[in-house]
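Data first, discussion second: the structure below is written as structure tokens.
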Amino acid sequence: MKRYWFTTFLVFLGAIMLLFLTLPLFKMMIGNDPATLLKTLKEADVSSSIWLTMKVSLFATLFALVTGLPLAYLIARHEFIGRSFLETLVDIPIMIPHTAAGIALLVAFGHGSLGGFFDLFGIKFIGTEAGIMIAMMFLSATFLINGAKEGFKKVDVKLEKVARTLGASPIKVFFAISLPNAKKDIVNGCLMMWGRGLGEFGAVVILVYHPMTAPVLIYDRFTSFGLSYSAPVAAVMIILSIMVFLTVRFVNNRLR
Amino acid sequence: MFLKIENITIRLGKFNLKDIHLEVKEGQYVTIIGPSGSGKSILLENIAGFYTPNKGKVYLKGEDITYKNIEDINISIVYQDYVLFPHMSVYENILYGLKKKSTQKADHDKEVREIAALLNIDHLLERKPLTLSGGEMQRTSIARALVVKPELLLMDEAFSALDYKIKKEMRKLVKDVAKKYGTTVLHVTHDFEDVWAMADMCVVLRFGEILQVGKPDEIFAHPNSDFVANFVGTNIFEATVVRKEPDLTILKADGFEVYSSCEAKIGEKVRLSIRPENIIITTTKIETSAKNEIEGMIIKVEKRGHIMELSVQVNSIILIVMMTPNSYEHLSLALHSHVFLSFKATSVGLY
Amino acid sequence: MNFFTFKFFSIALSLCVTLLLLMAILSLFFVPKFEEVLEALQSSEMLYSLKLSLMTASLSTLLVIAVAIPIAYALSRYDFFGKAILKTIMNLPMAFPELVLGLALLLLFSRTYVGDLLHYFGISIVFTKSAIVIAQFFTALPYGIRIVYAAFEGISKRYENVSRSLGYTEFQTFKNITIPLVRNGIYASTIITFARTMGAFGAVLILAGGTYMKTEILPITLFLNISYGNLGMAITSGIVLITISFIAILFFEYMEGKKSVFED
């Protein structure tokens, strides 16, 4: 076996990073015995917070799915002026600091013109679930749209063209050909967005402090009562994140 | 033995090499052919040291280089996509390997210019690779590889990306330069014209195994298996040995007799092989020294540029025959023409 | 269902939503009064926060890139035991909420032997400026490694093979061939990492504490001022942050264009 100092050095460095990252996470999880974790889970505010987070992220994902899929399809299939501009636009939310995004949303949807507009329909964003949803959507939709875009790109255009020549309308082609073939990447994108939404903090804490999502709850407990009180909830969140992560991997392999 | 490859086995999942055994003499020009996925490039890269084998050894001039560092072995490689360093000029590319050699710096300039002149790129020395044509880039790549006087030159489909005419020029150029420097060359290719033009020896590889090794004539005229025969385009058909005469074996194929100069036992069932270009086709029986004469009918005619490829049916056997379009017209041949095929006993291979 | 109505409707909907979100960002620039913003920019808090942000982000970006290059190179070029595991772990922080990362780091530095070791040497990390750099570092590292990895993957391994075969060692090849070819990709990665470190919030808040005028960086300024109700200051922080991100994005796109010259 050939050994070079360069290679060993690199691997060593990587191993150190590994240790640094995994050690505390591990500690956080095993620091609490399962009993404490379960007890924490049963506490009213914790369980309702987690439920809220999952529910709203799901709504955000579904909404992004409905509005984002056509957009993703459009970008993937058609050439038009300003397409790359649109693509960059879609990428922007994840490049902006979360807190800045939060305040932008606050200003736009709070009392400004947009806020007033939605107010007419009885939709308020400050301090409501709708606000949380908007924050999650804004910050994570990029993953869904890009995932769907890649998925559509992978579908052979010829398949769609053949279907059209055989008499299928564009909508039928979309639902019967494009969508099923892009399924894997779309599902991937959805899972990623949902997972990200669960952990969204910076934007949510600015826009909607109450009702508290899980990350906000963790922070709140941390500032009020310290590390020991907030760690169990964090541990629960880690387990959830890992489960989402594994599901994504599993789905990836299954749908291959 | 200059280069010896012993029991090399490499498992890379998709591409594997199984127990490869090969011996190459100094100064030989060896071509390695085979279908894609046969492991040709892996073999090359293993010799160069980019991969370590799971099993086996590589010896160069008697020394075990299997686990030696790549930079300590003097083997150069030329790739199909040139791989010229884009941030360096042609001159700097060629100079790159020279700088590592211990010769005087003063000589370097001379050596670079010498080999550039030899390969007709001396007018391009200041240019950047991206501004060159395919042929120019490949010549630079070869200059870079040869200027360090490697003990072994590896070419991985080196001509595949070049135009036909350029390829012809390159073949002559490379063969001449390699001869001049006495370099041993291993050339992986899928183009048989490379084999005909340049090879002293040819190796056929398939699914990571060597099927046949020998001079190009031997392999093409006397393939040792169905696969090799089909791969190189040699006609094959079944026959049984019926009797023997001095220096000759006579076999019976479907309805006709064939004379072969190869050895076989009476009663053996074998495959006979004959190259399309070794068959003479006429419209009447002719007097030749060729021992074999059979009759058949043309059932298919394909014009491939400057060659006519005819499929002639002899009873149940179909033989491919090649001739020039001129001869075809001269003999007034056409589909369904009745023809006579004659070929020498020495042209008939057997396995 | 008529083609016209369905397609039209769905595209119209998506464009609307996109427009809405675009407006959200723009509104940040247009809603507040210019004088308010200017005033906020000149406040001592804002200046302190800006300076600290730039300093810490620069430092952590340098550290991220310095660490990311060897790791990304190893991941791209070598096969070694545990490579798949390393790759997964490298991706994990992206799946975790930044807040949780912050808590994990806090645990690491206060409750484990790492913290004890540092304390022995008289170094305290938690709730200090160093904590900002550390939190930014760990938040941005996975992304940094990803981008640098992609940059290395874009350079064919054959260049390095040829260099090695001509007598250069791995390290010399890395210096003479790999780095020049990947240079623009590294620049692009640095810019993106900088934008990320500037915006790091959750982890910094937990580990460094977000103390007014002590460990206050821009995102924290935003947060603190919202809590007090100082909308003007908060909005200004947002504007500064978004502007910096935009400049970074533009720079990045420019670099992306330049580097394609060397890629296959």
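Labels used: A, B, ... for chains in the order of the structure tokens, numbers from 1 for residues in each chain, and numbers from 1 for ligands as shown.
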(message) Need to verify the contact set: Glu36 of chain C, 10 Å, only C-alpha atoms, exclusion of same-chain residues closer than 2 positions in sequence. Can you return it as number ranges by chain?
(response) C: 32-34, 38-41, 231-233, 235-236
(message) So that I can see what lies close to Ser48 of chain A, please list as a ChimeraX atom specification the residues with an atom at most 10 Å from it, counting only C-alpha atoms and leaving out residues fewer than 6 positions away in the same chain.
(response) /A:41-42,54,211-214
Go ahead and write the residues just picked, N, CA and C atoms, as a short mmCIF file (atom, residue, chain, number, x, y, z; two decimals), in the first residue's frame.
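Wrote it out as again_16.cif, contents follow:
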```
data_model
loop_
_atom_site.label_atom_id
_atom_site.label_comp_id
_atom_site.auth_asym_id
_atom_site.auth_seq_id
_atom_site.Cartn_x
_atom_site.Cartn_y
_atom_site.Cartn_z
N LEU A 41 -40.93 14.98 25.67
CA LEU A 41 -41.85 14.90 24.55
C LEU A 41 -43.30 15.04 25.01
N LYS A 42 -43.57 14.53 26.21
CA LYS A 42 -44.95 14.52 26.67
C LYS A 42 -45.41 15.89 27.17
N MET A 54 -44.12 20.76 12.44
CA MET A 54 -44.27 19.78 11.37
C MET A 54 -45.45 20.11 10.48
N PRO A 211 -47.07 31.86 17.86
CA PRO A 211 -46.83 30.58 18.52
C PRO A 211 -45.43 30.05 18.23
N MET A 212 -44.85 29.37 19.18
CA MET A 212 -43.45 28.97 19.05
C MET A 212 -43.26 27.68 18.28
N THR A 213 -42.43 27.78 17.24
CA THR A 213 -42.03 26.54 16.56
C THR A 213 -40.95 25.90 17.43
N ALA A 214 -40.60 24.68 17.08
CA ALA A 214 -39.64 23.94 17.90
C ALA A 214 -38.31 24.67 18.09
#
```
(message) Could you list, as a PyMOL selection string, every residue within 10 Å of Glu209 of chain B, counting only C-alpha atoms and ignoring same-chain residues fewer than 5 positions away?
(response) chain B and resi 9+16-21+34+38-40+204
How would the residues just picked look written out with C-alpha atoms as a CSV table (one decimal), in the first residue's frame?
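Ended up saving to result_6.csv:
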```
chain,number,residue,atom,x,y,z
B,9,THR,CA,-5.8,-8.7,-11.1
B,16,ASN,CA,-12.0,-5.6,-13.9
B,17,LEU,CA,-8.7,-7.3,-15.0
B,18,LYS,CA,-8.4,-11.0,-14.4
B,19,ASP,CA,-5.0,-12.6,-14.1
B,20,ILE,CA,-3.3,-10.7,-16.9
B,21,HIS,CA,0.0,-12.1,-18.1
B,34,GLY,CA,-10.8,-5.0,-27.4
B,38,SER,CA,-12.6,-4.8,-21.6
B,39,GLY,CA,-10.3,-3.1,-19.2
B,40,LYS,CA,-7.7,-1.8,-21.8
B,204,VAL,CA,-6.8,-8.8,-27.7
```
(request) Return as a VMD selection string the residues belonging to chain C that are within 7 Å of chain A, counting only C-alpha atoms. (result) chain C and resid 3 10 to 11 13 to 14 24 to 25 27 to 28 70 to 71 74 89 95 to 97 99 to 100 104 to 105 107 to 108 171 199 to 202 219 223 235 238 241 to 242 245
(message) Here is a test: counting only C-alpha atoms, which residue of C:Met213, C:Ala195, C:Leu103, C:Leu166 is nearest to chain B?
(response)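 Of the candidates, the smallest distance to chain B is held by C:Leu166.
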(request) Using atom CA of Val67 of chain C and atom CA of Ile125 of chain C as the two end points, give the distance in Å to one decimal. (result) 20.2 Å
(message) Only residues of chain C matter here; which ones have an atom within 6 Å of chain B, counting only C-alpha atoms? Give them as a ChimeraX atom specification.
(response) /C:159,164-169
Same residues, N, CA and C atoms, output as a CSV table (one decimal), in the first residue's frame:
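Final file, again36.csv:
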```csv
chain,number,residue,atom,x,y,z
C,159,TYR,N,-5.1,15.4,-15.5
C,159,TYR,CA,-4.0,16.4,-15.5
C,159,TYR,C,-3.0,16.0,-14.4
C,164,ARG,N,2.1,13.6,-12.5
C,164,ARG,CA,2.8,12.6,-11.7
C,164,ARG,C,3.7,11.7,-12.6
C,165,SER,N,3.2,11.3,-13.8
C,165,SER,CA,4.0,10.4,-14.6
C,165,SER,C,5.2,11.1,-15.1
C,166,LEU,N,5.2,12.5,-15.1
C,166,LEU,CA,6.4,13.2,-15.6
C,166,LEU,C,7.4,13.5,-14.4
C,167,GLY,N,7.1,12.9,-13.3
C,167,GLY,CA,8.1,13.0,-12.2
C,167,GLY,C,7.8,13.8,-11.0
C,168,TYR,N,6.6,14.4,-11.0
C,168,TYR,CA,6.2,15.3,-9.9
C,168,TYR,C,5.5,14.5,-8.8
C,169,THR,N,5.8,14.9,-7.5
C,169,THR,CA,5.1,14.2,-6.4
C,169,THR,C,3.7,14.8,-6.3
```
(request) Using only C-alpha atoms, determine which residues of chain B fall within 8 Å of chain A; present them as number ranges by chain. (result) B: 52, 67-69
